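Structure file coords02.tsv with TSV, C-alpha atoms:
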chain	number	residue	atom	x	y	z
A	1202	MET	CA	1.11	-2.25	-31.83
A	1203	ASN	CA	-2.25	-3.29	-33.23
A	1204	THR	CA	-4.57	-3.52	-30.23
A	1205	THR	CA	-7.13	-5.51	-32.21
A	1206	ASN	CA	-4.59	-8.20	-33.08
A	1207	VAL	CA	-3.49	-8.35	-29.44
A	1208	TRP	CA	-7.13	-8.73	-28.40
A	1209	LEU	CA	-7.73	-11.57	-30.87
A	1210	ARG	CA	-4.59	-13.38	-29.73
A	1211	THR	CA	-5.62	-12.99	-26.09
A	1212	LEU	CA	-9.06	-14.41	-26.87
A	1213	ASP	CA	-7.42	-17.36	-28.61
A	1214	LEU	CA	-5.23	-18.05	-25.57
A	1215	HIS	CA	-8.42	-18.15	-23.50
A	1216	GLY	CA	-10.12	-20.50	-25.97
A	1217	LEU	CA	-12.79	-17.89	-26.74
A	1218	ASN	CA	-14.62	-17.02	-29.95
A	1219	PRO	CA	-14.31	-13.32	-30.92
A	1220	GLY	CA	-17.96	-13.24	-31.92
A	1221	ASN	CA	-19.07	-14.03	-28.37
A	1222	VAL	CA	-17.18	-11.29	-26.50
A	1223	GLU	CA	-17.60	-7.54	-26.77
A	1224	PRO	CA	-14.13	-6.01	-27.25
A	1225	PRO	CA	-13.07	-3.40	-24.69
A	1226	GLU	CA	-12.23	0.21	-25.34
A	1227	VAL	CA	-8.49	0.87	-25.01
A	1228	VAL	CA	-7.38	4.25	-23.69
A	1229	GLY	CA	-3.95	5.60	-22.86
A	1230	GLY	CA	-2.89	7.11	-19.56
A	1231	PRO	CA	-0.24	9.70	-18.68
A	1232	PRO	CA	3.29	8.70	-17.67
A	1233	LYS	CA	4.06	8.34	-13.99
A	1234	ASN	CA	7.13	7.68	-11.91
A	1235	GLY	CA	8.09	7.75	-8.27
A	1236	THR	CA	6.39	5.76	-5.53
A	1237	GLN	CA	2.91	4.34	-5.85
A	1238	GLN	CA	1.22	3.47	-2.58
A	1239	PHE	CA	-1.46	0.81	-2.28
A	1240	ASP	CA	-3.45	0.89	0.95
A	1241	ILE	CA	-4.15	-2.78	1.56
A	1242	SER	CA	-5.99	-2.34	4.87
A	1243	ARG	CA	-9.53	-2.61	3.50
A	1244	LYS	CA	-8.60	-5.75	1.59
A	1245	LEU	CA	-6.62	-7.10	4.53
A	1246	TYR	CA	-9.39	-7.11	7.11
A	1247	ASP	CA	-12.45	-7.80	4.94
A	1248	ILE	CA	-14.82	-6.26	7.51
A	1249	ASN	CA	-18.08	-4.65	6.45
A	1250	ASP	CA	-19.44	-3.52	9.80
A	1251	PRO	CA	-20.13	0.21	10.35
A	1252	ARG	CA	-19.08	-0.12	13.99
A	1253	PHE	CA	-15.50	-0.69	12.82
A	1254	ASP	CA	-13.45	2.07	11.21
A	1255	ILE	CA	-11.14	0.20	8.85
A	1256	ASP	CA	-8.83	3.22	8.67
A	1257	ASP	CA	-8.15	2.85	12.41
A	1258	LEU	CA	-7.22	-0.84	12.25
A	1259	ASP	CA	-3.44	-1.09	12.45
A	1260	PHE	CA	-2.74	-4.76	13.19
A	1261	GLY	CA	-0.77	-5.19	9.98
A	1262	GLU	CA	1.20	-2.01	10.57
A	1263	ARG	CA	2.16	-3.14	14.08
A	1264	LEU	CA	3.52	-6.37	12.61
A	1265	GLY	CA	5.43	-4.60	9.84
A	1266	VAL	CA	2.88	-5.28	7.09
A	1267	ASP	CA	1.54	-1.86	6.21
A	1268	GLN	CA	0.96	0.00	2.94
A	1269	ALA	CA	2.52	-1.47	-0.18
A	1270	ARG	CA	4.95	0.96	-1.74
A	1271	LEU	CA	6.07	0.17	-5.27
A	1272	GLU	CA	8.72	2.22	-7.02
A	1273	VAL	CA	7.47	2.99	-10.53
A	1274	GLU	CA	10.27	4.06	-12.84
A	1275	ARG	CA	10.10	5.40	-16.35
A	1276	GLY	CA	10.19	2.37	-18.61
A	1277	GLU	CA	7.71	0.39	-16.52
A	1278	PRO	CA	4.28	0.36	-18.19
A	1279	PHE	CA	1.20	-0.41	-16.10
A	1280	GLY	CA	-2.54	-0.48	-16.56
A	1281	GLY	CA	-5.99	-1.08	-15.16
A	1282	THR	CA	-9.53	-1.91	-16.18
A	1283	PHE	CA	-12.78	0.00	-16.04
A	1284	PRO	CA	-16.32	-0.98	-17.08
A	1285	GLY	CA	-16.16	-1.58	-20.81
A	1286	GLY	CA	-12.47	-0.96	-21.28
A	1287	VAL	CA	-8.83	-1.00	-20.25
A	1288	LYS	CA	-6.38	1.81	-19.58
A	1289	ILE	CA	-2.69	1.53	-20.35
A	1290	HIS	CA	0.09	3.84	-19.16
A	1291	PRO	CA	2.99	3.22	-21.61
A	1292	ASN	CA	5.33	5.09	-19.26
A	1293	GLY	CA	8.29	4.87	-21.63
A	1294	GLY	CA	8.32	1.08	-21.80
A	1295	THR	CA	9.35	-0.90	-24.86
A	1296	SER	CA	6.68	-1.89	-27.36
A	1297	ASP	CA	6.87	-5.51	-26.16
A	1298	GLU	CA	6.50	-4.48	-22.51
A	1299	ILE	CA	3.48	-2.31	-23.32
A	1300	GLU	CA	1.94	-5.16	-25.32
A	1301	ALA	CA	2.42	-7.59	-22.42
A	1302	THR	CA	0.76	-5.11	-20.06
A	1303	LEU	CA	-2.18	-4.78	-22.45
A	1304	VAL	CA	-2.58	-8.58	-22.49
A	1305	HIS	CA	-2.62	-8.63	-18.68
A	1306	GLU	CA	-5.43	-6.05	-18.60
A	1307	TYR	CA	-7.34	-7.81	-21.39
A	1308	ALA	CA	-7.22	-10.94	-19.22
A	1309	HIS	CA	-8.70	-9.00	-16.30
A	1310	TYR	CA	-11.42	-7.66	-18.58
A	1311	LEU	CA	-12.32	-11.21	-19.59
A	1312	GLN	CA	-12.34	-12.54	-16.03
A	1313	ASP	CA	-15.32	-10.45	-14.99
A	1314	LEU	CA	-14.81	-11.75	-11.45
A	1315	VAL	CA	-17.27	-10.53	-8.86
A	1316	GLY	CA	-15.18	-8.20	-6.74
A	1317	THR	CA	-11.44	-8.36	-6.09
A	1318	ASP	CA	-11.35	-6.36	-2.87
A	1319	GLN	CA	-10.72	-9.42	-0.74
A	1320	LEU	CA	-7.06	-10.45	-0.96
A	1321	LEU	CA	-7.57	-14.09	-1.92
A	1322	ARG	CA	-9.90	-13.17	-4.79
A	1323	ARG	CA	-7.39	-10.55	-5.86
A	1324	ALA	CA	-4.57	-13.11	-5.86
A	1325	THR	CA	-6.63	-15.47	-8.03
A	1326	ALA	CA	-7.44	-12.68	-10.47
A	1327	GLU	CA	-3.83	-11.48	-10.72
A	1328	GLY	CA	-2.53	-15.03	-10.97
A	1329	GLY	CA	-4.80	-15.81	-13.91
A	1330	ALA	CA	-3.92	-12.59	-15.73
A	1331	THR	CA	-0.20	-13.17	-15.18
A	1332	TYR	CA	-0.50	-16.77	-16.42
A	1333	VAL	CA	-2.09	-15.57	-19.67
A	1334	GLU	CA	0.43	-12.73	-19.99
A	1335	LYS	CA	3.34	-15.17	-19.70
A	1336	ALA	CA	1.78	-17.55	-22.23
A	1337	TYR	CA	1.37	-14.65	-24.65
A	1338	ALA	CA	4.94	-13.44	-24.10
A	1339	GLN	CA	6.35	-16.91	-24.75
A	1340	GLN	CA	4.47	-17.12	-28.04
A	1341	TYR	CA	4.66	-13.58	-29.40
A	1342	LEU	CA	7.24	-11.43	-27.59
A	1343	ASP	CA	11.00	-11.34	-27.17
A	1344	ASP	CA	12.77	-10.74	-23.87
A	1345	VAL	CA	9.60	-10.24	-21.81
A	1346	ASP	CA	9.07	-12.52	-18.83
A	1347	PRO	CA	6.60	-11.15	-16.27
A	1348	VAL	CA	7.16	-14.06	-13.89
A	1349	ARG	CA	10.93	-13.57	-13.85
A	1350	ASP	CA	10.37	-9.95	-12.85
A	1351	LEU	CA	7.84	-10.91	-10.15
A	1352	ARG	CA	10.19	-13.53	-8.72
A	1353	ARG	CA	13.00	-11.00	-8.52
A	1354	GLN	CA	10.82	-8.34	-6.91
A	1355	TYR	CA	9.36	-10.76	-4.38
A	1356	ALA	CA	12.76	-12.13	-3.40
A	1357	ASN	CA	14.38	-8.73	-2.98
A	1358	THR	CA	11.86	-6.76	-0.92
A	1359	LYS	CA	11.88	-6.73	2.87
A	1360	LYS	CA	8.96	-4.30	3.14
A	1361	GLY	CA	5.98	-6.21	4.48
A	1362	GLY	CA	3.16	-4.50	2.61
A	1363	THR	CA	5.09	-4.57	-0.66
A	1364	ALA	CA	5.98	-8.25	-0.24
A	1365	LEU	CA	2.34	-9.08	0.45
A	1366	TRP	CA	1.15	-7.16	-2.62
A	1367	ILE	CA	3.71	-8.71	-4.98
A	1368	GLY	CA	3.02	-12.11	-3.40
A	1369	LEU	CA	-0.58	-11.93	-4.63
A	1370	TYR	CA	0.74	-11.89	-8.21
A	1371	TYR	CA	3.61	-14.31	-7.70
A	1372	PHE	CA	1.81	-17.03	-5.75
A	1373	GLY	CA	-1.34	-16.42	-7.80
A	1374	TYR	CA	0.62	-17.25	-10.96
A	1375	ARG	CA	2.21	-20.30	-9.37
A	1376	HIS	CA	-1.23	-21.58	-8.39
A	1377	PHE	CA	-2.37	-21.61	-12.01
A	1378	GLU	CA	0.95	-23.09	-13.11
A	1379	GLN	CA	0.47	-26.04	-10.76
A	1380	ARG	CA	-3.20	-26.67	-11.51
A	1381	ILE	CA	-3.49	-26.28	-15.29
A	1382	ASP	CA	-1.45	-27.01	-18.40
A	1383	SER	CA	-2.51	-24.26	-20.83
A	1384	SER	CA	-4.03	-20.80	-20.80
A	1385	ASP	CA	-7.40	-21.93	-22.18
A	1386	GLU	CA	-7.87	-23.87	-18.93
A	1387	VAL	CA	-7.84	-20.79	-16.66
A	1388	TRP	CA	-11.62	-21.03	-16.52
A	1389	ALA	CA	-11.35	-24.26	-14.53
A	1390	VAL	CA	-9.58	-22.36	-11.75
A	1391	TYR	CA	-11.98	-19.41	-11.92
A	1392	GLU	CA	-14.88	-21.85	-11.50
A	1393	ALA	CA	-13.20	-23.67	-8.58
A	1394	PRO	CA	-10.87	-21.08	-7.04
A	1395	PRO	CA	-8.75	-21.66	-3.94
A	1396	GLU	CA	-10.56	-21.02	-0.67
A	1397	THR	CA	-7.48	-20.43	1.47
A	1398	PHE	CA	-4.06	-18.93	0.92
A	1399	GLU	CA	-2.59	-22.34	1.75
A	1400	GLN	CA	-4.37	-23.75	-1.30
A	1401	LEU	CA	-3.30	-20.77	-3.40
A	1402	MET	CA	0.37	-20.98	-2.42
A	1403	HIS	CA	0.68	-24.75	-2.80
A	1404	GLY	CA	-1.36	-25.26	-5.97
A	1405	LEU	CA	-4.20	-27.10	-4.25
A	1406	ALA	CA	-7.80	-27.41	-5.41
A	1407	PRO	CA	-10.54	-26.13	-3.06
A	1408	ASP	CA	-11.33	-29.66	-1.83
A	1409	GLU	CA	-7.69	-30.36	-0.86
A	1410	GLU	CA	-6.28	-29.49	2.57
A	1411	PRO	CA	-9.42	-27.82	3.92
A	1412	ARG	CA	-9.11	-25.52	6.92
A	1413	GLY	CA	-8.53	-27.21	10.24
A	1414	VAL	CA	-11.32	-26.78	12.74
A	1415	LEU	CA	-10.80	-23.61	14.78
A	1416	ASN	CA	-13.47	-21.91	16.85
A	1417	VAL	CA	-12.55	-18.72	18.66
A	1418	SER	CA	-14.97	-17.29	21.21
A	1419	VAL	CA	-14.59	-13.91	22.89
A	1420	ASP	CA	-15.71	-12.82	26.35
A	1421	SER	CA	-15.96	-9.08	25.84
A	1422	THR	CA	-18.59	-6.41	26.35
A	1423	GLY	CA	-17.87	-4.52	23.12
A	1424	PRO	CA	-18.33	-5.42	19.44
A	1425	THR	CA	-15.83	-7.84	17.93
A	1426	GLN	CA	-15.18	-9.30	14.50
A	1427	THR	CA	-13.05	-12.27	13.51
A	1428	VAL	CA	-11.30	-12.55	10.17
A	1429	SER	CA	-8.80	-14.97	8.65
A	1430	MET	CA	-5.40	-13.59	7.65
A	1431	GLY	CA	-4.01	-16.68	5.92
A	1432	GLU	CA	-0.67	-18.33	5.29
A	1433	LEU	CA	0.67	-15.60	3.00
A	1434	PHE	CA	0.13	-12.92	5.64
A	1435	LEU	CA	1.79	-15.14	8.25
A	1436	GLN	CA	4.80	-15.75	6.02
A	1437	THR	CA	5.00	-12.06	5.09
A	1438	THR	CA	4.91	-11.02	8.75
A	1439	LEU	CA	7.77	-13.36	9.64
A	1440	ARG	CA	9.95	-12.34	6.70
A	1441	THR	CA	9.93	-8.68	7.79
A	1442	GLU	CA	12.45	-9.75	10.47
A	1443	LEU	CA	13.62	-13.23	9.42
A	1444	GLU	CA	15.23	-14.72	6.32
A	1445	ARG	CA	12.68	-15.66	3.68
A	1446	PRO	CA	13.38	-19.46	3.75
A	1447	VAL	CA	12.95	-19.49	7.54
A	1448	ALA	CA	9.68	-17.55	7.28
A	1449	SER	CA	8.42	-19.83	4.51
A	1450	ASP	CA	9.23	-23.03	6.40
A	1451	ALA	CA	7.64	-21.76	9.61
A	1452	ALA	CA	4.41	-20.68	7.90
A	1453	THR	CA	4.07	-23.95	6.00
A	1454	GLY	CA	1.84	-26.23	8.01
A	1455	TRP	CA	-0.76	-23.50	8.56
A	1456	ALA	CA	-4.18	-25.07	9.17
A	1457	ASN	CA	-6.38	-22.10	10.08
A	1458	ASP	CA	-6.30	-18.74	11.83
A	1459	ARG	CA	-8.69	-16.19	13.30
A	1460	LEU	CA	-7.86	-12.58	14.11
A	1461	VAL	CA	-10.14	-11.04	16.73
A	1462	VAL	CA	-10.64	-7.32	16.13
A	1463	PHE	CA	-12.18	-5.21	18.90
A	1464	ALA	CA	-14.18	-2.11	17.97
A	1465	ASP	CA	-13.49	-0.25	21.22
A	1466	ARG	CA	-10.13	-1.56	22.44
A	1467	ASP	CA	-6.53	-1.11	21.45
A	1468	VAL	CA	-5.71	-4.81	21.25
A	1469	TYR	CA	-5.84	-7.71	18.77
A	1470	ALA	CA	-5.73	-11.47	19.33
A	1471	TRP	CA	-4.48	-13.62	16.45
A	1472	THR	CA	-5.09	-17.34	16.92
A	1473	ILE	CA	-3.17	-19.65	14.58
A	1474	ARG	CA	-3.70	-23.39	14.34
A	1475	MET	CA	-1.04	-25.53	12.66
A	1476	ASP	CA	-1.33	-29.02	11.17
A	1477	ASP	CA	0.40	-30.73	14.08
A	1478	GLU	CA	2.45	-30.16	17.22
A	1479	SER	CA	5.76	-30.16	15.35
A	1480	ASN	CA	4.65	-27.42	12.98
A	1481	ALA	CA	3.27	-25.40	15.89
A	1482	SER	CA	6.59	-25.66	17.72
A	1483	GLU	CA	8.49	-24.53	14.62
A	1484	LEU	CA	6.16	-21.55	14.25
A	1485	GLN	CA	6.50	-20.72	17.95
A	1486	THR	CA	10.29	-20.65	17.61
A	1487	ALA	CA	10.07	-18.45	14.51
A	1488	LEU	CA	7.61	-16.05	16.14
A	1489	ARG	CA	9.90	-15.71	19.16
A	1490	SER	CA	12.84	-14.94	16.88
A	1491	TYR	CA	10.69	-12.46	14.95
A	1492	LEU	CA	9.61	-10.71	18.18
A	1493	ASP	CA	13.18	-10.70	19.55
A	1494	ALA	CA	14.31	-8.90	16.39
A	1495	LYS	CA	11.39	-6.48	16.42
A	1496	ALA	CA	10.96	-5.61	20.10
A	1497	THR	CA	12.44	-5.90	23.60
A	1498	TYR	CA	11.44	-8.80	25.86
A	1499	ASP	CA	11.10	-8.24	29.60
A	1500	GLY	CA	10.15	-11.77	30.59
A	1501	THR	CA	6.42	-11.19	30.13
A	1502	VAL	CA	5.84	-9.27	26.91
A	1503	TRP	CA	7.81	-7.77	24.06
A	1504	THR	CA	7.53	-4.01	23.62
A	1505	ALA	CA	8.41	-1.65	20.77
A	1506	GLU	CA	7.42	2.01	21.01
A	1507	GLN	CA	3.74	2.02	22.07
A	1508	THR	CA	2.97	-1.61	21.18
A	1509	ALA	CA	3.21	-4.73	23.32
A	1510	TYR	CA	3.36	-8.30	21.99
A	1511	ARG	CA	2.59	-11.50	23.87
A	1512	LEU	CA	2.81	-15.05	22.54
A	1513	VAL	CA	0.70	-17.80	24.13
A	1514	ARG	CA	0.83	-21.53	23.33
A	1515	ALA	CA	-2.85	-22.34	23.82
A	1516	SER	CA	-2.51	-26.06	22.98
A	1517	ASP	CA	-0.29	-28.53	21.15
A	1518	GLU	CA	-1.31	-27.16	17.75
A	1519	THR	CA	-2.53	-23.65	18.49
A	1520	LEU	CA	-0.80	-20.35	19.30
A	1521	VAL	CA	-2.19	-16.90	20.05
A	1522	LEU	CA	-0.31	-13.67	19.33
A	1523	VAL	CA	-1.73	-10.75	21.32
A	1524	VAL	CA	-0.83	-7.27	20.05
A	1525	GLY	CA	-1.71	-3.81	21.31
A	1526	ASN	CA	-1.80	-1.63	24.41
A	1527	ARG	CA	0.37	-3.20	27.11
A	1528	GLY	CA	-2.27	-3.15	29.82
A	1529	GLN	CA	-4.85	-4.85	27.64
A	1530	VAL	CA	-2.30	-7.31	26.26
A	1531	GLU	CA	-1.27	-8.38	29.77
A	1532	ASN	CA	-4.87	-8.59	31.02
A	1533	MET	CA	-6.09	-10.80	28.20
A	1534	THR	CA	-6.63	-14.45	29.15
A	1535	VAL	CA	-6.25	-17.20	26.57
A	1536	SER	CA	-7.44	-20.77	27.09
A	1537	GLY	CA	-8.56	-23.68	24.98
A	1538	SER	CA	-7.65	-26.67	22.85
A	1539	ASP	CA	-6.49	-27.31	19.29
A	1540	GLU	CA	-9.99	-26.74	17.92
A	1541	SER	CA	-11.46	-24.21	20.34
A	1542	VAL	CA	-9.93	-21.12	21.94
A	1543	THR	CA	-11.50	-18.59	24.31
A	1544	ILE	CA	-10.25	-15.01	24.52
A	1545	THR	CA	-11.21	-13.13	27.69
A	1546	ILE	CA	-10.63	-9.45	28.43
A	1547	ASP	CA	-10.01	-8.97	32.13
A	1548	ALA	CA	-12.63	-6.75	33.77
A	1549	ALA	CA	-9.96	-4.30	34.88
A	1550	SER	CA	-9.10	-3.47	31.28
A	1551	ARG	CA	-12.63	-3.30	29.90

Structure rendered as structure tokens:
Amino acid sequence: MNTTNVWLRTLDLHGLNPGNVEPPEVVGGPPKNGTQQFDISRKLYDINDPRFDIDDLDFGERLGVDQARLEVERGEPFGGTFPGGVKIHPNGGTSDEIEATLVHEYAHYLQDLVGTDQLLRRATAEGGATYVEKAYAQQYLDDVDPVRDLRRQYANTKKGGTALWIGLYYFGYRHFEQRIDSSDEVWAVYEAPPETFEQLMHGLAPDEEPRGVLNVSVDSTGPTQTVSMGELFLQTTLRTELERPVASDAATGWANDRLVVFADRDVYAWTIRMDDESNASELQTALRSYLDAKATYDGTVWTAEQTAYRLVRASDETLVLVVGNRGQVENMTVSGSDESVTITIDAASR
């Protein structure tokens, strides 16, 4: 494989002039096999507050969406980028598979996106690189289809963290496929990227289907943060216990969500607003089925091991899933409307 030729072809697919881009250094990495773990927690919560220890936040784990674990076998090349270059682990793959991996990393090198720690940015970056990789494979390679492999992996895994990780690539690719017609148009998406996972998953531009209004206020003495988890996380959570089509249908109709994270309490409150009452009812039914499969219901809360779960219909369009220590879950009060929800921690549990 001539890495220079691959670089020039990749530039051409991006519509770029070789004279305007500094080529990256290409280095090889050692073979690996076994299980690779990707800790998604820091990307999942997107909190930069020293009062919160990200390593202690376990909301995803309690819902079945924990570390991504990908089985890497011999014959599966992979790579990465670093400032000024790309690193490729051939790992016993075929020459065409290694070449496709190199194209994917070249595409990342060209993106030069500002940070991919946040999951939505990561999905956009991986989607663009996969779109270019597939375009290259169709033109230059035989029997290599990265999207076919992603589709198979995404359909077959029941592990929440792994499904979420692969979903970043799969739905990221589909977003580009729905918004552009050729690889030299990826820049249009980079310049106007999706602002929600709903937009990413359904091929919508950032001015289409904006978030529904949702204000969540908290009556609590300790520090709190609110973050959005998004439609992909909602769908991934449901599919850990339900069939994928059921999870997908129930998550579709997402309008907005806010997860309240408490710095000094063992409890979380996840408020989800749907597009309308019908979608909210469908989600409520799916969440009840999910909780019935995951935990034991006693008429008040669901419990599994040391975690309690409580589902509250706050309004026609809005639901709140409370997760954590049973005492704090039971003593949390939820009230509000479609657009505004108040979370109150009872004084006895403060």

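With all atoms listed in the file as the atoms that count, the residue of A:Arg1380, A:Arg1252, A:Arg1375, A:His1309 with the shortest distance to Met1402 in chain A is A:Arg1375.
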
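For the set A:Gly1286, A:Gly1329, A:Gly1229, A:Pro1424, the residue with the smallest atom-to-atom gap to Ile1299 in chain A is A:Gly1229, counting all atoms listed in the file.
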
Which residues of range 1452-1529 of chain A come within 8 Å of range 1436-1448 of chain A, and what is each one's closest atom pair and distance in Å (one decimal), counting all atoms listed in the file, sorted by chain and residue number, as a tab-separated table?
residue	atom	partner	partner_atom	distance
A:Ala1452	CA	A:Gln1436	CA	5.3
A:Ala1487	CA	A:Ala1448	CA	7.3
A:Leu1488	CA	A:Leu1439	CA	7.0
A:Ser1490	CA	A:Leu1443	CA	7.7
A:Tyr1491	CA	A:Glu1442	CA	5.5
A:Ala1494	CA	A:Glu1442	CA	6.3
A:Lys1495	CA	A:Glu1442	CA	6.9

Saved selection, atoms kept: C-alpha atoms, as a PDB file, keeping the file's coordinate frame:
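Contents of result-v2.pdb, as written:
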ATOM      1  CA  ALA A1452       4.410 -20.680   7.900  1.00  0.00           C
ATOM      2  CA  ALA A1487      10.070 -18.450  14.510  1.00  0.00           C
ATOM      3  CA  LEU A1488       7.610 -16.050  16.140  1.00  0.00           C
ATOM      4  CA  SER A1490      12.840 -14.940  16.880  1.00  0.00           C
ATOM      5  CA  TYR A1491      10.690 -12.460  14.950  1.00  0.00           C
ATOM      6  CA  ALA A1494      14.310  -8.900  16.390  1.00  0.00           C
ATOM      7  CA  LYS A1495      11.390  -6.480  16.420  1.00  0.00           C
TER       8      LYS A1495
END

CA of Gln1529 in chain A to CA of Thr1497 in chain A measures 17.8 Å

Worksheet entry | Who sits within 10 Å of Val1428 in chain A, only C-alpha atoms, same chain under 4 positions skipped, as a PyMOL selection string | chain A and resi 1245-1248+1458-1462+1471

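Distances here use only C-alpha atoms; by that measure, the residue among A:Val1524, A:Ala1330, A:Ala1470, A:Leu1433 closest to Gln1312 in chain A is A:Ala1330.
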
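Between CA of Leu1484 in chain A and CA of Ala1451 in chain A lies a distance of 4.9 Å.
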
- Please write as JSON, numbers by chain the list of polymer residues whose atoms come within 12 Å of (-15.6, -5.0, -30.7), counting only C-alpha atoms and keeping to the coordinates of the file. {"A": [1204, 1205, 1206, 1208, 1209, 1219, 1220, 1221, 1222, 1223, 1224, 1225, 1226, 1227, 1285, 1286]}
